[in-house]
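What follows is a short report on a single structure.
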Amino acid sequence: MTTAALQTHTDRKNAQVGGLAIFGALAMLGLGYAAVPLYDLFCSVTGFGGTTQVASEADANRAAAAGTNREISIRFDASTARDVPWTFRPSQSTDTIRIGHRDIATYVARNNSSQPITGTATFNVEPAQAGIYFNKIQCFCFTEQTLQPGQEVNMPVLYYVDPAILEDDVIGDIEQITLSYTFHRAKEPVSSALDRSQ
């Protein structure tokens, strides 16, 4: 092999290695951006970390048809992040429901500040293994909530516990599930220079 041919062969190999390195870097960057949505999807599908499920009316009707007379206690918990000057609490601390049958719980939130505050609620259940069986049909946590200064609102959660929980070898005989919410301040929209100048 001549020196020129060897140099061409080396250049080609270097270009391939460089191309693979760039492809690898772009793939890692893409995975970095996709990690949060993929993790959220994984949690919502598996109930990992106490992530609850979102159900439709049709799902709720199927669960009610398969429902039992077995009852379970639901404990309600509420908190706010430090930067959310709200009073936030459940209307009642516990409720006893029939598994498979829908029920409604309400939380009360009051904005104690002198300015409008928009919050978003994160949630989970304990024990974490119950997340896959705890289904919400409607919830204030599905959207951001804006409270005006001094405003107090009742926020409902329509939910049920899937009868399939009774067949779970690990938590099938559970007596209580805790539903927890924490309000965080939603990210404020960035105002443009034009908005600030007016």
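Residues in the structure tokens are named by chain (A, B, ... in the order shown) and by number from 1 within that chain; ligands are numbered from 1 in the order shown.
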**Prompt:** Within 8 Å of Thr118 of chain A, counting only C-alpha atoms, which residues qualify if same-chain residues fewer than 2 places away don't, as number ranges by chain?
**Reply:** A: 116, 120, 144-147, 185-186
Store the residues picked out above in a file with N, CA, C and O atoms, as a tab-separated table (two decimals), in the first residue's frame.
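The new file result09.tsv reads:
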chain	number	residue	atom	x	y	z
A	116	PRO	N	-51.70	37.73	42.78
A	116	PRO	CA	-52.15	36.44	42.24
A	116	PRO	C	-50.99	35.45	42.21
A	116	PRO	O	-49.86	35.82	41.91
A	120	THR	N	-49.02	24.67	40.81
A	120	THR	CA	-49.26	23.37	40.21
A	120	THR	C	-48.99	22.31	41.29
A	120	THR	O	-48.05	22.44	42.07
A	144	GLU	N	-52.86	23.87	36.05
A	144	GLU	CA	-52.39	24.89	36.97
A	144	GLU	C	-53.59	25.59	37.61
A	144	GLU	O	-54.65	25.71	36.99
A	145	GLN	N	-53.41	26.05	38.84
A	145	GLN	CA	-54.47	26.75	39.57
A	145	GLN	C	-53.98	28.15	39.92
A	145	GLN	O	-52.91	28.30	40.51
A	146	THR	N	-54.77	29.16	39.54
A	146	THR	CA	-54.43	30.54	39.87
A	146	THR	C	-55.41	31.05	40.91
A	146	THR	O	-56.62	31.00	40.71
A	147	LEU	N	-54.88	31.55	42.03
A	147	LEU	CA	-55.70	32.13	43.08
A	147	LEU	C	-55.36	33.61	43.20
A	147	LEU	O	-54.18	34.00	43.26
A	185	ARG	N	-45.05	26.69	43.11
A	185	ARG	CA	-45.33	27.85	42.27
A	185	ARG	C	-45.04	27.49	40.82
A	185	ARG	O	-43.98	26.94	40.51
A	186	ALA	N	-45.99	27.77	39.95
A	186	ALA	CA	-45.80	27.52	38.52
A	186	ALA	C	-44.81	28.54	37.98
A	186	ALA	O	-44.70	29.65	38.48
Considering only C-alpha atoms, give me a table of residues in segment 121-170 of chain A that are at most 12 Å from segment 59-68 of chain A, with the closest atom pair and distance in Å for each, as JSON lines.
{"residue": "A:Tyr133", "atom": "CA", "partner": "A:Ala63", "partner_atom": "CA", "distance": 10.7}
{"residue": "A:Phe134", "atom": "CA", "partner": "A:Ala60", "partner_atom": "CA", "distance": 11.2}
{"residue": "A:Asn135", "atom": "CA", "partner": "A:Ala60", "partner_atom": "CA", "distance": 8.4}
{"residue": "A:Lys136", "atom": "CA", "partner": "A:Ala60", "partner_atom": "CA", "distance": 9.1}
{"residue": "A:Ile137", "atom": "CA", "partner": "A:Ala60", "partner_atom": "CA", "distance": 7.6}
{"residue": "A:Gln138", "atom": "CA", "partner": "A:Ala60", "partner_atom": "CA", "distance": 11.1}
{"residue": "A:Leu158", "atom": "CA", "partner": "A:Ala60", "partner_atom": "CA", "distance": 10.1}
{"residue": "A:Tyr159", "atom": "CA", "partner": "A:Ala60", "partner_atom": "CA", "distance": 8.4}
{"residue": "A:Tyr160", "atom": "CA", "partner": "A:Ala60", "partner_atom": "CA", "distance": 7.3}
{"residue": "A:Val161", "atom": "CA", "partner": "A:Ala63", "partner_atom": "CA", "distance": 8.3}
{"residue": "A:Asp162", "atom": "CA", "partner": "A:Ala63", "partner_atom": "CA", "distance": 6.1}
{"residue": "A:Pro163", "atom": "CA", "partner": "A:Gly67", "partner_atom": "CA", "distance": 5.9}
{"residue": "A:Ala164", "atom": "CA", "partner": "A:Ala63", "partner_atom": "CA", "distance": 8.9}
{"residue": "A:Ile165", "atom": "CA", "partner": "A:Gly67", "partner_atom": "CA", "distance": 11.0}
{"residue": "A:Leu166", "atom": "CA", "partner": "A:Thr68", "partner_atom": "CA", "distance": 9.6}
- Task: Go through segment 26-161 of chain A and collect every residue that DSSP, computed from the backbone, puts in strand (DSSP E or B); the answer should be as an NGL selection string.
- Result: :A and (53-54 or 71-80 or 86-90 or 94-98 or 103-111 or 117-126 or 134-139 or 145-147 or 152-161)
The distance between atom CA of Thr122 of chain A and atom CA of Asp169 of chain A is 28.2 Å
| Members of segment 105-173 of chain A assigned helix (DSSP H, G or I) by DSSP, as JSON, numbers by chain | {"A": [128, 129, 130, 131, 132, 140, 141, 142, 163, 164, 165, 166, 167]}
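Straight-line separation from atom CA of Arg98 of chain A to atom CA of Val157 of chain A: 16.0 Å.
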Atom pair atom CA of His101 of chain A + atom CA of Cys139 of chain A, distance 16.4 Å
Segment 91-97 of chain A environment, 10 Å, only C-alpha atoms, sequence neighbours closer than 4 positions dropped, as an mmCIF file with N, CA, C and O atoms, in the first residue's frame:
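Saved as around_7.cif:
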data_model
loop_
_atom_site.group_PDB
_atom_site.id
_atom_site.type_symbol
_atom_site.label_atom_id
_atom_site.label_comp_id
_atom_site.auth_asym_id
_atom_site.auth_seq_id
_atom_site.Cartn_x
_atom_site.Cartn_y
_atom_site.Cartn_z
ATOM 1 N N ASN A 69 -67.654 -5.149 48.023
ATOM 2 C CA ASN A 69 -68.102 -4.491 49.250
ATOM 3 C C ASN A 69 -66.941 -4.223 50.194
ATOM 4 O O ASN A 69 -67.129 -3.658 51.267
ATOM 5 N N ARG A 70 -65.752 -4.643 49.795
ATOM 6 C CA ARG A 70 -64.565 -4.421 50.627
ATOM 7 C C ARG A 70 -64.275 -2.928 50.708
ATOM 8 O O ARG A 70 -64.277 -2.213 49.701
ATOM 9 N N GLU A 71 -64.032 -2.459 51.913
ATOM 10 C CA GLU A 71 -63.764 -1.041 52.127
ATOM 11 C C GLU A 71 -62.284 -0.811 52.408
ATOM 12 O O GLU A 71 -61.573 -1.709 52.853
ATOM 13 N N ILE A 72 -61.862 0.410 52.124
ATOM 14 C CA ILE A 72 -60.482 0.813 52.377
ATOM 15 C C ILE A 72 -60.500 2.265 52.843
ATOM 16 O O ILE A 72 -61.337 3.067 52.409
ATOM 17 N N SER A 73 -59.593 2.600 53.736
ATOM 18 C CA SER A 73 -59.491 3.966 54.241
ATOM 19 C C SER A 73 -58.534 4.762 53.352
ATOM 20 O O SER A 73 -57.473 4.277 52.976
ATOM 21 N N ILE A 74 -58.935 5.981 53.031
ATOM 22 C CA ILE A 74 -58.072 6.899 52.271
ATOM 23 C C ILE A 74 -57.737 8.068 53.192
ATOM 24 O O ILE A 74 -58.637 8.710 53.744
ATOM 25 N N ARG A 75 -56.460 8.306 53.386
ATOM 26 C CA ARG A 75 -56.015 9.450 54.187
ATOM 27 C C ARG A 75 -55.538 10.536 53.239
ATOM 28 O O ARG A 75 -54.861 10.248 52.244
ATOM 29 N N PHE A 76 -55.881 11.777 53.524
ATOM 30 C CA PHE A 76 -55.544 12.896 52.648
ATOM 31 C C PHE A 76 -54.497 13.782 53.323
ATOM 32 O O PHE A 76 -54.588 14.089 54.508
ATOM 33 N N ASP A 77 -53.509 14.186 52.527
ATOM 34 C CA ASP A 77 -52.389 14.971 53.030
ATOM 35 C C ASP A 77 -52.178 16.153 52.089
ATOM 36 O O ASP A 77 -52.388 16.023 50.877
ATOM 37 N N ALA A 78 -51.762 17.297 52.644
ATOM 38 C CA ALA A 78 -51.560 18.493 51.820
ATOM 39 C C ALA A 78 -50.395 19.309 52.360
ATOM 40 O O ALA A 78 -50.213 19.418 53.575
ATOM 41 N N HIS A 101 -65.502 1.614 43.615
ATOM 42 C CA HIS A 101 -66.548 2.631 43.502
ATOM 43 C C HIS A 101 -65.932 4.025 43.587
ATOM 44 O O HIS A 101 -65.087 4.291 44.447
ATOM 45 N N ARG A 102 -66.383 4.900 42.709
ATOM 46 C CA ARG A 102 -65.810 6.243 42.689
ATOM 47 C C ARG A 102 -66.254 7.039 43.906
ATOM 48 O O ARG A 102 -67.332 6.831 44.447
ATOM 49 N N ASP A 103 -65.400 7.953 44.300
ATOM 50 C CA ASP A 103 -65.678 8.826 45.436
ATOM 51 C C ASP A 103 -65.062 10.182 45.120
ATOM 52 O O ASP A 103 -64.251 10.313 44.194
ATOM 53 N N ILE A 104 -65.442 11.181 45.889
ATOM 54 C CA ILE A 104 -64.913 12.519 45.666
ATOM 55 C C ILE A 104 -64.325 13.041 46.971
ATOM 56 O O ILE A 104 -64.878 12.828 48.041
ATOM 57 N N ALA A 105 -63.180 13.670 46.854
ATOM 58 C CA ALA A 105 -62.542 14.338 47.982
ATOM 59 C C ALA A 105 -62.328 15.788 47.584
ATOM 60 O O ALA A 105 -62.205 16.098 46.393
ATOM 61 N N THR A 106 -62.306 16.672 48.551
ATOM 62 C CA THR A 106 -62.032 18.076 48.246
ATOM 63 C C THR A 106 -60.897 18.590 49.117
ATOM 64 O O THR A 106 -60.734 18.174 50.265
ATOM 65 N N TYR A 107 -60.131 19.458 48.509
ATOM 66 C CA TYR A 107 -59.066 20.170 49.208
ATOM 67 C C TYR A 107 -59.423 21.650 49.166
ATOM 68 O O TYR A 107 -60.086 22.111 48.229
ATOM 69 N N VAL A 108 -58.993 22.384 50.179
ATOM 70 C CA VAL A 108 -59.253 23.819 50.255
ATOM 71 C C VAL A 108 -57.924 24.555 50.143
ATOM 72 O O VAL A 108 -56.959 24.206 50.835
ATOM 73 N N ALA A 109 -57.886 25.552 49.263
ATOM 74 C CA ALA A 109 -56.673 26.363 49.101
ATOM 75 C C ALA A 109 -57.042 27.835 49.233
ATOM 76 O O ALA A 109 -58.080 28.270 48.738
ATOM 77 N N ASN A 154 -62.466 25.571 46.759
ATOM 78 C CA ASN A 154 -62.555 24.139 47.013
ATOM 79 C C ASN A 154 -62.135 23.438 45.728
ATOM 80 O O ASN A 154 -62.628 23.768 44.647
ATOM 81 N N MET A 155 -61.249 22.467 45.854
ATOM 82 C CA MET A 155 -60.724 21.777 44.682
ATOM 83 C C MET A 155 -61.018 20.279 44.808
ATOM 84 O O MET A 155 -60.518 19.631 45.728
ATOM 85 N N PRO A 156 -61.822 19.747 43.878
ATOM 86 C CA PRO A 156 -62.221 18.341 43.997
ATOM 87 C C PRO A 156 -61.270 17.359 43.312
ATOM 88 O O PRO A 156 -60.554 17.708 42.384
ATOM 89 N N TYR A 160 -61.121 6.508 42.275
ATOM 90 C CA TYR A 160 -61.514 5.185 42.763
ATOM 91 C C TYR A 160 -60.266 4.319 42.892
ATOM 92 O O TYR A 160 -59.227 4.618 42.314
ATOM 93 N N VAL A 161 -60.399 3.256 43.663
ATOM 94 C CA VAL A 161 -59.314 2.281 43.814
ATOM 95 C C VAL A 161 -59.703 1.046 43.012
ATOM 96 O O VAL A 161 -60.786 0.482 43.204
ATOM 97 N N GLU A 175 -55.012 -1.707 54.329
ATOM 98 C CA GLU A 175 -56.169 -1.104 54.987
ATOM 99 C C GLU A 175 -56.285 0.393 54.744
ATOM 100 O O GLU A 175 -57.362 0.958 54.890
ATOM 101 N N GLN A 176 -55.160 1.050 54.386
ATOM 102 C CA GLN A 176 -55.207 2.496 54.159
ATOM 103 C C GLN A 176 -54.221 2.925 53.079
ATOM 104 O O GLN A 176 -53.110 2.414 52.997
ATOM 105 N N ILE A 177 -54.666 3.869 52.259
ATOM 106 C CA ILE A 177 -53.817 4.514 51.255
ATOM 107 C C ILE A 177 -53.797 5.999 51.583
ATOM 108 O O ILE A 177 -54.839 6.590 51.886
ATOM 109 N N THR A 178 -52.623 6.611 51.525
ATOM 110 C CA THR A 178 -52.507 8.051 51.753
ATOM 111 C C THR A 178 -52.310 8.753 50.417
ATOM 112 O O THR A 178 -51.401 8.406 49.657
ATOM 113 N N LEU A 179 -53.161 9.720 50.131
ATOM 114 C CA LEU A 179 -53.072 10.543 48.923
ATOM 115 C C LEU A 179 -52.493 11.893 49.323
ATOM 116 O O LEU A 179 -53.084 12.613 50.132
#
